[in-house]
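Student: What follows is work-v2.txt, made up of compact mmCIF, C-alpha atoms:
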# COMPACT_ATOMS: atom_id res chain seq x y z
CA MET A 16 109.33 134.84 111.90
CA TRP A 17 110.99 131.46 112.49
CA ILE A 18 108.11 129.70 110.75
CA LYS A 19 108.62 131.88 107.66
CA LEU A 20 112.35 131.18 107.69
CA LEU A 21 111.76 127.42 107.92
CA TRP A 22 109.25 127.61 105.08
CA VAL A 23 111.77 129.46 102.91
CA PHE A 24 114.33 126.80 103.82
CA PHE A 25 111.99 124.01 102.70
CA LEU A 26 111.23 125.81 99.44
CA MET A 27 114.94 126.24 98.75
CA HIS A 28 115.34 122.48 98.99
CA HIS A 29 112.41 121.81 96.71
CA LEU A 30 113.42 119.29 94.06
CA GLY A 31 112.74 120.27 90.51
CA ALA A 32 114.03 118.11 87.69
CA ALA A 33 115.22 119.82 84.54
CA SER A 34 113.55 118.88 81.27
CA ASN A 35 116.79 117.39 79.92
CA GLU A 36 117.46 115.37 83.06
CA ILE A 37 116.13 112.00 84.14
CA THR A 38 116.20 111.00 87.80
CA VAL A 39 116.98 107.30 88.11
CA GLY A 40 115.96 105.57 91.32
CA LEU A 41 117.98 102.63 92.61
CA SER A 42 119.01 100.92 95.82
CA ALA A 43 122.81 100.94 96.09
CA ASP A 44 123.08 97.77 98.17
CA TYR A 45 122.95 95.13 95.45
CA PRO A 46 126.45 94.48 94.02
CA PRO A 47 127.51 94.11 91.28
CA PHE A 48 124.43 95.87 89.86
CA GLU A 49 124.44 98.94 92.13
CA PHE A 50 126.56 99.57 95.19
CA LYS A 51 128.76 102.17 96.87
CA GLN A 52 132.46 102.22 96.10
CA GLY A 53 133.83 104.89 98.41
CA GLU A 54 131.67 107.97 97.84
CA ASP A 55 130.52 106.89 94.38
CA ILE A 56 127.57 104.74 93.32
CA VAL A 57 128.76 102.26 90.71
CA GLY A 58 127.66 99.02 89.11
CA PHE A 59 126.06 97.42 86.08
CA ASP A 60 122.77 99.31 86.39
CA VAL A 61 124.53 102.65 86.96
CA ASP A 62 126.59 102.29 83.79
CA LEU A 63 123.50 101.11 81.93
CA ALA A 64 121.57 104.21 83.07
CA LYS A 65 124.37 106.48 81.84
CA ALA A 66 124.51 104.64 78.51
CA ILE A 67 120.74 104.97 78.05
CA GLY A 68 121.00 108.67 78.92
CA GLU A 69 123.62 109.18 76.21
CA GLU A 70 121.48 107.36 73.66
CA ILE A 71 118.34 109.44 74.29
CA GLY A 72 120.24 112.70 74.84
CA VAL A 73 119.57 113.43 78.51
CA SER A 74 121.70 113.69 81.64
CA ILE A 75 121.23 111.13 84.39
CA LYS A 76 120.74 111.94 88.08
CA ILE A 77 121.06 108.97 90.46
CA GLN A 78 118.71 108.87 93.46
CA ASP A 79 119.65 106.21 95.99
CA MET A 80 117.08 104.91 98.49
CA SER A 81 115.94 101.64 100.01
CA PHE A 82 114.48 99.12 97.57
CA ALA A 83 111.16 99.10 99.43
CA SER A 84 110.76 102.86 98.82
CA LEU A 85 111.45 102.87 95.08
CA LEU A 86 107.93 102.12 93.84
CA SER A 87 106.40 104.83 96.04
CA ALA A 88 109.05 107.29 94.86
CA LEU A 89 108.23 106.53 91.21
CA LYS A 90 104.51 106.85 91.79
CA GLN A 91 104.95 110.22 93.54
CA ASN A 92 107.26 111.61 90.79
CA ASP A 93 110.32 111.68 93.04
CA VAL A 94 112.13 109.63 90.40
CA ASP A 95 111.42 109.31 86.68
CA VAL A 96 112.51 105.70 86.19
CA ILE A 97 113.79 102.80 88.27
CA ILE A 98 116.87 100.88 87.13
CA SER A 99 117.56 98.57 90.05
CA SER A 100 117.32 94.98 88.76
CA VAL A 101 113.52 95.22 88.88
CA THR A 102 111.42 92.54 87.23
CA SER A 103 108.02 93.01 85.65
CA THR A 104 105.10 91.16 87.23
CA GLN A 105 101.44 91.11 86.29
CA GLU A 106 100.59 93.03 89.45
CA ARG A 107 103.19 95.72 88.77
CA LYS A 108 102.14 96.07 85.14
CA LYS A 109 98.76 97.33 86.35
CA SER A 110 100.39 100.47 87.76
CA PHE A 111 103.70 100.82 85.90
CA ASP A 112 105.25 100.33 82.46
CA PHE A 113 108.38 98.30 81.77
CA SER A 114 111.02 98.35 79.08
CA ILE A 115 112.28 95.28 77.26
CA PRO A 116 114.53 93.14 79.54
CA TYR A 117 118.24 93.95 79.65
CA HIS A 118 119.35 91.11 81.98
CA PHE A 119 118.02 87.76 83.18
CA ASP A 120 118.79 86.75 86.77
CA GLU A 121 120.13 83.29 87.52
CA LEU A 122 118.49 82.35 90.81
CA ALA A 123 120.36 80.51 93.54
CA ILE A 124 119.65 79.41 97.10
CA LEU A 125 122.39 80.19 99.60
CA HIS A 126 122.48 77.57 102.35
CA HIS A 127 124.70 75.88 104.91
CA GLU A 128 127.23 73.56 103.30
CA ASN A 129 126.00 70.51 105.20
CA GLN A 130 122.31 71.32 104.71
CA PRO A 131 121.77 71.63 100.92
CA ILE A 132 118.50 73.03 99.60
CA SER A 133 117.17 72.60 96.07
CA GLU A 134 113.91 73.34 94.31
CA GLN A 135 112.71 69.84 95.19
CA ASN A 136 112.99 70.18 98.97
CA LEU A 137 111.80 73.78 99.50
CA ASN A 138 108.60 72.69 101.24
CA GLY A 139 108.71 73.30 104.95
CA LYS A 140 111.79 75.50 104.69
CA THR A 141 112.12 79.13 105.78
CA ILE A 142 113.62 81.13 102.91
CA ALA A 143 114.66 84.79 102.98
CA CYS A 144 114.57 87.00 99.90
CA GLN A 145 114.53 90.67 99.00
CA MET A 146 111.04 92.10 99.25
CA GLY A 147 109.49 92.83 95.84
CA SER A 148 112.40 91.29 93.90
CA ALA A 149 112.39 88.62 91.17
CA MET A 150 113.30 86.11 93.88
CA HIS A 151 110.23 87.04 95.91
CA THR A 152 108.07 86.61 92.80
CA TRP A 153 109.65 83.26 91.96
CA LEU A 154 109.03 81.91 95.46
CA THR A 155 105.38 82.94 95.53
CA GLU A 156 104.80 81.33 92.12
CA HIS A 157 106.73 78.08 92.66
CA THR A 158 106.11 77.21 96.31
CA THR A 159 103.09 77.10 98.58
CA LYS A 160 104.46 75.43 101.70
CA THR A 161 107.61 77.52 102.07
CA LYS A 162 107.75 80.26 104.68
CA ILE A 163 108.97 83.41 102.92
CA VAL A 164 110.84 85.99 104.99
CA PRO A 165 111.11 89.28 103.05
CA MET A 166 114.12 91.44 103.99
CA ASP A 167 115.68 94.63 102.65
CA VAL A 168 119.25 93.72 101.71
CA ALA A 169 121.21 90.55 100.93
CA THR A 170 123.75 91.08 103.73
CA GLN A 171 120.94 91.00 106.31
CA MET A 172 119.61 87.81 104.79
CA ALA A 173 123.05 86.16 104.85
CA GLU A 174 123.50 87.09 108.53
CA ALA A 175 120.03 85.64 109.27
CA LEU A 176 121.16 82.42 107.60
CA LYS A 177 124.38 82.27 109.63
CA ALA A 178 122.42 82.90 112.85
CA GLY A 179 119.99 80.09 112.02
CA HIS A 180 116.89 82.29 111.66
CA VAL A 181 116.27 81.03 108.10
CA ASP A 182 117.15 77.83 106.27
CA GLY A 183 118.21 79.49 103.04
CA VAL A 184 118.46 82.73 101.08
CA LEU A 185 117.22 83.12 97.51
CA ILE A 186 119.43 85.62 95.70
CA ASP A 187 121.13 86.20 92.37
CA ALA A 188 123.74 83.52 91.63
CA ILE A 189 126.34 86.26 91.11
CA GLN A 190 125.87 87.44 94.69
CA ALA A 191 125.81 83.87 95.99
CA ARG A 192 129.29 83.28 94.54
CA GLU A 193 130.60 86.36 96.35
CA PHE A 194 129.04 85.35 99.66
CA ILE A 195 130.67 81.92 99.71
CA LYS A 196 134.05 83.58 99.05
CA ASN A 197 133.67 85.62 102.22
CA SER A 198 131.76 83.17 104.43
CA LYS A 199 132.79 79.78 105.76
CA ASN A 200 130.47 76.78 105.72
CA LEU A 201 128.14 78.31 103.11
CA ALA A 202 127.27 76.95 99.68
CA PHE A 203 124.66 77.65 97.01
CA SER A 204 122.51 75.77 94.53
CA VAL A 205 121.29 77.28 91.25
CA ILE A 206 117.57 76.55 90.91
CA GLY A 207 116.47 78.46 87.83
CA ARG A 208 116.35 81.66 85.86
CA SER A 209 114.06 84.65 86.04
CA LYS A 210 111.75 84.39 83.03
CA GLU A 211 110.70 88.04 83.18
CA GLY A 212 114.22 89.50 83.32
CA CYS A 213 115.30 92.87 84.67
CA SER A 214 113.72 95.90 83.03
CA VAL A 215 113.62 99.68 83.35
CA MET A 216 110.48 100.68 85.23
CA THR A 217 108.51 103.87 84.45
CA ARG A 218 105.19 105.42 85.37
CA LYS A 219 102.12 104.23 83.50
CA GLY A 220 101.88 105.91 80.12
CA SER A 221 105.31 107.50 80.29
CA PRO A 222 106.74 108.49 76.87
CA LEU A 223 110.16 107.39 78.12
CA VAL A 224 109.39 103.71 77.56
CA THR A 225 109.65 103.93 73.77
CA LYS A 226 112.91 105.89 73.93
CA ILE A 227 114.41 103.51 76.51
CA ASN A 228 113.40 100.44 74.48
CA ALA A 229 115.12 101.89 71.42
CA ALA A 230 118.21 102.70 73.50
CA ILE A 231 118.42 99.19 75.02
CA THR A 232 118.00 97.62 71.58
CA LYS A 233 120.86 99.73 70.22
CA LEU A 234 123.05 98.95 73.24
CA LYS A 235 122.49 95.25 72.61
CA GLN A 236 123.37 95.61 68.93
CA ASN A 237 126.56 97.66 69.40
CA GLY A 238 127.88 95.37 72.14
CA THR A 239 127.63 97.83 75.04
CA LEU A 240 125.47 95.48 77.12
CA ASP A 241 127.90 92.61 76.54
CA ASN A 242 130.79 94.83 77.65
CA LEU A 243 128.90 95.82 80.80
CA HIS A 244 128.18 92.17 81.48
CA LYS A 245 131.86 91.27 81.15
CA LYS A 246 132.95 94.23 83.29
CA TRP A 247 130.55 93.84 86.23
CA ILE A 248 129.19 90.29 86.16
CA GLU A 249 131.98 88.18 84.69
CA GLY A 250 134.80 90.45 85.86
CA ASP A 251 135.92 91.60 89.30
CA SER A 252 135.30 95.35 89.41
CA GLN A 253 134.47 95.63 93.08
CA SER A 254 136.86 97.33 95.48
CA LYS A 255 138.65 94.89 97.78
CA SER A 256 140.91 97.38 99.60
CA HIS A 257 139.38 97.69 103.06
CA THR A 258 140.95 98.35 106.43
CA LEU A 259 139.30 98.92 109.78
CA LEU A 260 140.43 102.56 109.85
CA LYS A 261 139.28 103.29 106.29
CA ASP A 262 135.88 101.73 106.96
CA PHE A 263 135.47 103.65 110.22
CA ILE A 264 136.34 106.95 108.49
CA PHE A 265 133.93 106.18 105.65
CA ILE A 266 131.07 105.59 108.09
CA ALA A 267 132.04 108.57 110.27
CA LYS A 268 131.72 110.85 107.22
CA GLY A 269 127.99 110.46 107.71
CA LEU A 270 128.21 112.53 110.93
CA PRO A 271 127.57 115.91 109.23
CA THR A 272 124.39 114.55 107.65
CA THR A 273 123.18 113.03 110.92
CA LEU A 274 123.98 116.22 112.85
CA THR A 275 122.25 118.41 110.26
CA TYR A 276 119.02 116.45 110.58
CA SER A 277 119.34 116.29 114.36
CA PHE A 278 120.03 120.01 114.84
CA LEU A 279 117.34 121.28 112.46
CA SER A 280 114.76 118.81 113.78
CA ILE A 281 115.37 119.63 117.44
CA LEU A 282 115.27 123.36 116.57
CA PHE A 283 111.99 123.01 114.68
CA GLY A 284 110.54 120.61 117.26
CA GLY A 285 111.65 122.83 120.13
CA PHE A 286 109.89 125.93 118.82
CA LEU A 287 106.78 123.92 117.99
CA GLY A 288 106.86 122.16 121.37
CA ILE A 289 107.06 125.47 123.24
CA PHE A 290 104.14 126.82 121.22
CA PHE A 291 102.02 123.73 121.90
CA ALA A 292 102.89 123.62 125.62
CA VAL A 293 102.11 127.30 126.22
CA SER A 294 98.92 127.11 124.16
CA ARG A 295 97.68 124.11 126.13
CA HIS A 296 98.50 125.81 129.43
CA LEU A 297 96.53 128.89 128.34
CA HIS A 298 93.71 126.62 127.07
CA HIS A 299 94.09 127.76 123.45
CA GLY A 300 93.31 124.99 120.99
CA THR A 301 93.70 122.36 123.70
CA TRP A 302 91.60 119.73 121.93
CA ALA A 303 93.36 120.16 118.56
CA ILE A 304 96.85 120.10 120.09
CA ALA A 305 96.01 117.07 122.24
CA SER A 306 94.72 115.25 119.13
CA ILE A 307 97.87 116.05 117.14
CA ILE A 308 100.09 114.84 119.97
CA SER A 309 98.03 111.66 120.35
CA ILE A 310 98.34 110.84 116.64
CA ILE A 311 102.06 111.59 116.52
CA ARG A 312 102.84 109.54 119.62
CA GLY A 313 100.52 106.72 118.55
CA THR A 314 102.05 106.03 115.10
CA PRO A 315 105.56 104.87 114.07
CA VAL A 316 108.05 107.52 112.96
CA LEU A 317 108.85 105.52 109.82
CA LEU A 318 105.18 105.61 108.82
CA GLN A 319 105.11 109.38 109.40
CA LEU A 320 108.24 109.83 107.28
CA GLY A 321 106.72 107.87 104.42
CA PHE A 322 103.54 109.94 104.61
CA VAL A 323 105.38 113.28 104.57
CA TYR A 324 107.80 112.33 101.79
CA PHE A 325 105.52 110.33 99.51
CA SER A 326 101.91 111.36 100.25
CA LEU A 327 102.05 114.95 101.49
CA PRO A 328 103.41 116.38 98.20
CA ALA A 329 100.34 115.05 96.39
CA LEU A 330 98.11 116.90 98.87
CA ILE A 331 99.92 120.26 98.94
CA GLY A 332 101.30 120.26 95.40
CA ILE A 333 104.92 120.81 96.51
CA LYS A 334 107.53 118.09 96.14
CA LEU A 335 109.71 118.01 99.25
CA SER A 336 113.38 117.11 99.35
CA VAL A 337 114.58 114.34 101.64
CA LEU A 338 116.02 117.00 103.96
CA ALA A 339 112.78 118.96 104.16
CA ALA A 340 110.66 115.82 104.67
CA GLY A 341 113.05 114.50 107.30
CA VAL A 342 113.18 117.74 109.29
CA ILE A 343 109.38 118.15 109.17
CA THR A 344 108.75 114.56 110.26
CA LEU A 345 111.38 114.35 112.98
CA GLY A 346 110.66 117.90 114.15
CA ILE A 347 106.92 117.37 114.56
CA ASN A 348 107.50 113.99 116.20
CA SER A 349 109.96 115.54 118.64
CA ALA A 350 107.55 118.43 119.28
CA ALA A 351 104.95 115.99 120.59
CA TYR A 352 107.34 114.73 123.27
CA ILE A 353 108.82 118.14 124.04
CA THR A 354 105.28 119.45 124.59
CA GLU A 355 104.64 116.83 127.25
CA ILE A 356 108.03 117.47 128.87
CA LEU A 357 107.36 121.21 129.09
CA ARG A 358 103.79 120.62 130.24
CA SER A 359 105.06 118.62 133.20
CA GLY A 360 107.51 121.42 133.95
CA LEU A 361 104.75 124.02 133.88
CA GLN A 362 102.58 121.96 136.20
CA SER A 363 105.44 121.70 138.69
CA LEU A 364 105.67 125.49 139.06
CA PRO A 365 103.71 127.00 141.98
CA LYS A 366 100.63 128.95 140.90
CA GLY A 367 102.02 131.84 142.87
CA GLN A 368 104.54 132.46 140.10
CA PHE A 369 101.76 133.32 137.65
CA GLU A 370 99.79 135.29 140.22
CA ALA A 371 102.88 137.32 141.17
CA CYS A 372 103.44 138.27 137.54
CA GLN A 373 99.85 139.50 137.26
CA ALA A 374 100.05 141.38 140.57
CA LEU A 375 103.24 143.15 139.49
CA GLY A 376 101.72 144.10 136.16
CA VAL A 377 104.24 142.14 134.08
CA SER A 378 102.95 141.54 130.55
CA LYS A 379 102.20 137.97 129.47
CA TRP A 380 105.01 138.05 126.92
CA HIS A 381 107.67 139.11 129.42
CA SER A 382 106.34 136.91 132.20
CA TRP A 383 106.60 133.85 129.97
CA LYS A 384 109.92 134.86 128.37
CA ASP A 385 111.77 136.13 131.44
CA ILE A 386 110.20 134.34 134.41
CA ILE A 387 108.16 131.22 133.62
CA LEU A 388 109.97 129.48 130.76
CA PRO A 389 113.52 129.91 132.16
CA GLN A 390 112.42 128.09 135.32
CA VAL A 391 110.66 125.39 133.31
CA PHE A 392 113.71 124.80 131.10
CA ARG A 393 115.93 124.54 134.16
CA ASN A 394 113.65 121.94 135.76
CA VAL A 395 113.19 119.75 132.68
CA PHE A 396 116.63 120.23 131.08
CA PRO A 397 117.76 116.59 131.65
CA SER A 398 114.60 115.36 129.91
CA LEU A 399 115.22 117.71 126.98
CA ILE A 400 118.77 116.39 126.60
CA ASN A 401 117.36 112.87 126.62
CA GLU A 402 114.95 113.86 123.84
CA ALA A 403 117.85 115.30 121.83
CA VAL A 404 119.73 112.01 122.21
CA THR A 405 116.67 110.02 121.15
CA LEU A 406 116.09 112.26 118.14
CA THR A 407 119.72 111.94 117.07
CA LYS A 408 119.38 108.16 116.96
CA GLU A 409 116.03 108.39 115.16
CA THR A 410 117.68 110.27 112.29
CA ALA A 411 118.86 106.83 111.13
CA LEU A 412 115.38 106.43 109.62
CA ILE A 413 116.28 108.79 106.79
CA SER A 414 118.57 106.06 105.48
CA VAL A 415 115.51 104.41 103.88
CA LEU A 416 115.28 107.46 101.58
CA GLY A 417 118.91 107.10 100.55
CA GLU A 418 120.43 109.93 102.60
CA MET A 419 124.06 109.02 103.30
CA ASP A 420 123.97 109.27 107.06
CA ILE A 421 125.88 107.01 109.42
CA LEU A 422 123.56 104.01 109.06
CA ARG A 423 123.22 104.24 105.27
CA ARG A 424 126.99 104.35 104.90
CA ALA A 425 127.28 101.24 107.07
CA GLN A 426 124.67 99.49 104.91
CA ALA A 427 126.51 100.51 101.73
CA LEU A 428 129.78 99.19 103.15
CA ALA A 429 128.09 95.94 104.18
CA ALA A 430 126.76 95.49 100.64
CA GLU A 431 130.19 96.09 99.12
CA THR A 432 132.11 93.80 101.49
CA TYR A 433 129.39 91.14 101.93
CA ASP A 434 129.92 91.50 105.68
CA TYR A 435 127.06 92.82 107.79
CA PHE A 436 128.51 92.46 111.28
CA LEU A 437 131.61 94.68 111.18
CA PRO A 438 130.04 97.73 109.43
CA MET A 439 127.13 97.68 111.89
CA CYS A 440 129.56 97.51 114.83
CA LEU A 441 131.47 100.48 113.43
CA ALA A 442 128.24 102.42 112.96
CA GLY A 443 127.29 101.59 116.54
CA CYS A 444 130.62 102.99 117.74
CA VAL A 445 130.10 106.23 115.82
CA TYR A 446 126.57 106.64 117.21
CA TYR A 447 127.79 105.86 120.72
CA LEU A 448 130.57 108.46 120.55
CA LEU A 449 128.11 111.01 119.18
CA VAL A 450 125.56 110.35 121.94
CA LYS A 451 128.21 110.49 124.68
CA THR A 452 129.39 113.83 123.27
CA ILE A 453 125.85 115.24 123.41
CA GLU A 454 125.45 113.94 126.96
CA PHE A 455 128.78 115.48 127.99
CA PHE A 456 127.85 118.94 126.72
CA GLY A 457 124.38 118.56 128.22
CA LYS A 458 125.71 117.70 131.68
CA THR A 459 128.30 120.48 131.50
CA LEU A 460 125.62 123.02 130.64
CA GLU A 461 123.34 121.62 133.35
CA LYS A 462 126.02 122.01 136.03
CA ARG A 463 126.74 125.60 135.03
CA TRP A 464 123.01 126.37 134.98
CA TYR A 465 122.45 125.00 138.46
CA HIS A 466 125.49 126.75 139.94
CA ALA A 467 124.74 130.09 138.25
If you took the structure in this file and wrote it as structure tokens, what would it be?
Tutor:
Amino acid sequence: MWIKLLWVFFLMHHLGAASNEITVGLSADYPPFEFKQGEDIVGFDVDLAKAIGEEIGVSIKIQDMSFASLLSALKQNDVDVIISSVTSTQERKKSFDFSIPYHFDELAILHHENQPISEQNLNGKTIACQMGSAMHTWLTEHTTKTKIVPMDVATQMAEALKAGHVDGVLIDAIQAREFIKNSKNLAFSVIGRSKEGCSVMTRKGSPLVTKINAAITKLKQNGTLDNLHKKWIEGDSQSKSHTLLKDFIFIAKGLPTTLTYSFLSILFGGFLGIFFAVSRHLHHGTWAIASIISIIRGTPVLLQLGFVYFSLPALIGIKLSVLAAGVITLGINSAAYITEILRSGLQSLPKGQFEACQALGVSKWHSWKDIILPQVFRNVFPSLINEAVTLTKETALISVLGEMDILRRAQALAAETYDYFLPMCLAGCVYYLLVKTIEFFGKTLEKRWYHA
């Protein structure tokens, strides 16, 4: 019954885009083009997406996720277009279509004030840039002796520069100006301009390209693009009102999301783990279950999440929501460890327990439900609480798909404030308080169980 209920739950969260709606994928950690301002996603690209939607007569749905996941999401139909300061490259043009450019990046290298870096002395330097961005493309085309360090977001790259892990950071000149306002001993040097420009990215052969090109052309002619440029790039439209308490509350608002994933995953993983453990003990499907556990424990959770969210829908024909994909991935991963925990508990029970049940004529169902499993749970309860704590922290992985959990909110705040250290410390505090709360309830329940 519980499997049917979970299946209904996943179907209810199935994402289906309406015919008059376009899902726009972006990574809201790149101000002033796209970033979080409180609970809202704002920026140049967001306003551009809405303006294009008005021109072609469709509503716009924003889907936020990590920049590295955008191309996979577009290929798997999770988003219809990408408007996230993406540049067209020859390699990308083989798999995707691009609109006419709507903005040209001015490239700059962020460096220490007393250690200037220019295009002429890049050789031998270690330079960080956003993976798959125009900066990454520029570096690969213009340098051969520079060590390129691809990272996800600009705030991480700036912190790597401050810590001395890289010599410089290649980013948009607009962002470089903001970083030096908020960071001491940093400077930047403009080294060029992106020749490809930023374009709207669509699937190969998509009919949207023609409509979007016409819309961008009209927006250029009627001055809308110029107004957006003045508002977001030349102006100062970013929120500057931040206090420690406000930032902590903003990050803590991700608790319900984190707890939802944690609770549903441990519930799903618990049922599945019990089924696997009992089946292995009864020698039913032992080889298959052992193989599944081996694969799950032998591969990274992030890889599993990417497979379930991006690749599985193509195999089963059902597009999964982030919630469904996250619960399936984390639940199955947790089930592999819960199975081993319960298996050790079963092996610790004397064989006489099973023999006594048979001698007394107790059915297998009641012997397992009323006699065997209660003893096993009591013996391995501390390990199960530890697994719940581990799973709760692993839910942070869903942030790569744009779910606004604790970590994603911290990343969004870091992008808005150009400060990576403080938001991550606040997120760490929230996670720590959450874990200590789980441990407290676990120990309380354990004491009552042992004294019952």
Student: Please provide the set of residues having any atom within 12 Å of Cys440 of chain A, restricted to all atoms listed in the file, with same-chain residues fewer than 4 positions apart removed, written as a JSON list (two decimals) with C-alpha atoms, keeping the file's coordinate frame.
Tutor:
[["chain", "number", "residue", "atom", "x", "y", "z"],
["A", 259, "LEU", "CA", 139.30, 98.92, 109.78],
["A", 262, "ASP", "CA", 135.88, 101.73, 106.96],
["A", 263, "PHE", "CA", 135.47, 103.65, 110.22],
["A", 266, "ILE", "CA", 131.07, 105.59, 108.09],
["A", 421, "ILE", "CA", 125.88, 107.01, 109.42],
["A", 422, "LEU", "CA", 123.56, 104.01, 109.06],
["A", 425, "ALA", "CA", 127.28, 101.24, 107.07],
["A", 426, "GLN", "CA", 124.67, 99.49, 104.91],
["A", 428, "LEU", "CA", 129.78, 99.19, 103.15],
["A", 429, "ALA", "CA", 128.09, 95.94, 104.18],
["A", 434, "ASP", "CA", 129.92, 91.50, 105.68],
["A", 435, "TYR", "CA", 127.06, 92.82, 107.79],
["A", 436, "PHE", "CA", 128.51, 92.46, 111.28],
["A", 444, "CYS", "CA", 130.62, 102.99, 117.74],
["A", 445, "VAL", "CA", 130.10, 106.23, 115.82],
["A", 446, "TYR", "CA", 126.57, 106.64, 117.21],
["A", 447, "TYR", "CA", 127.79, 105.86, 120.72]]
Student: Using all atoms listed in the file, which residue out of A:Asp95, A:Asp385, A:Asp420, A:Glu402 lies closest to Thr217 of chain A?
Tutor: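 So, comparing all the options, the nearest one is A:Asp95.
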Student: Rank A:Thr161, A:Asn200, A:Ser382, A:Gln145 by their smallest atom-to-atom distance to Leu185 of chain A, using all atoms listed in the file, and report the top residue only.
Tutor: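 Checking each candidate against Leu185 of chain A, we get A:Gln145 as the closest.
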Student: Nearest to His257 of chain A: which of A:Leu437, A:Ala64, A:Ala191, A:Val39 is it, counting all atoms listed in the file?
Tutor: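 Under the stated criterion, the closest residue is A:Leu437.
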Student: Considering only C-alpha atoms, give me a table of residues in segment 395-455 of chain A that are at most 12 Å from segment 283-305 of chain A, with the closest atom pair and distance in Å for each, as a tab-separated table.
Tutor:
residue	atom	partner	partner_atom	distance
A:Leu399	CA	A:Gly285	CA	9.3
A:Ile400	CA	A:Gly285	CA	11.6
A:Glu402	CA	A:Gly285	CA	10.3
A:Ala403	CA	A:Gly285	CA	9.9
A:Leu406	CA	A:Gly284	CA	10.1
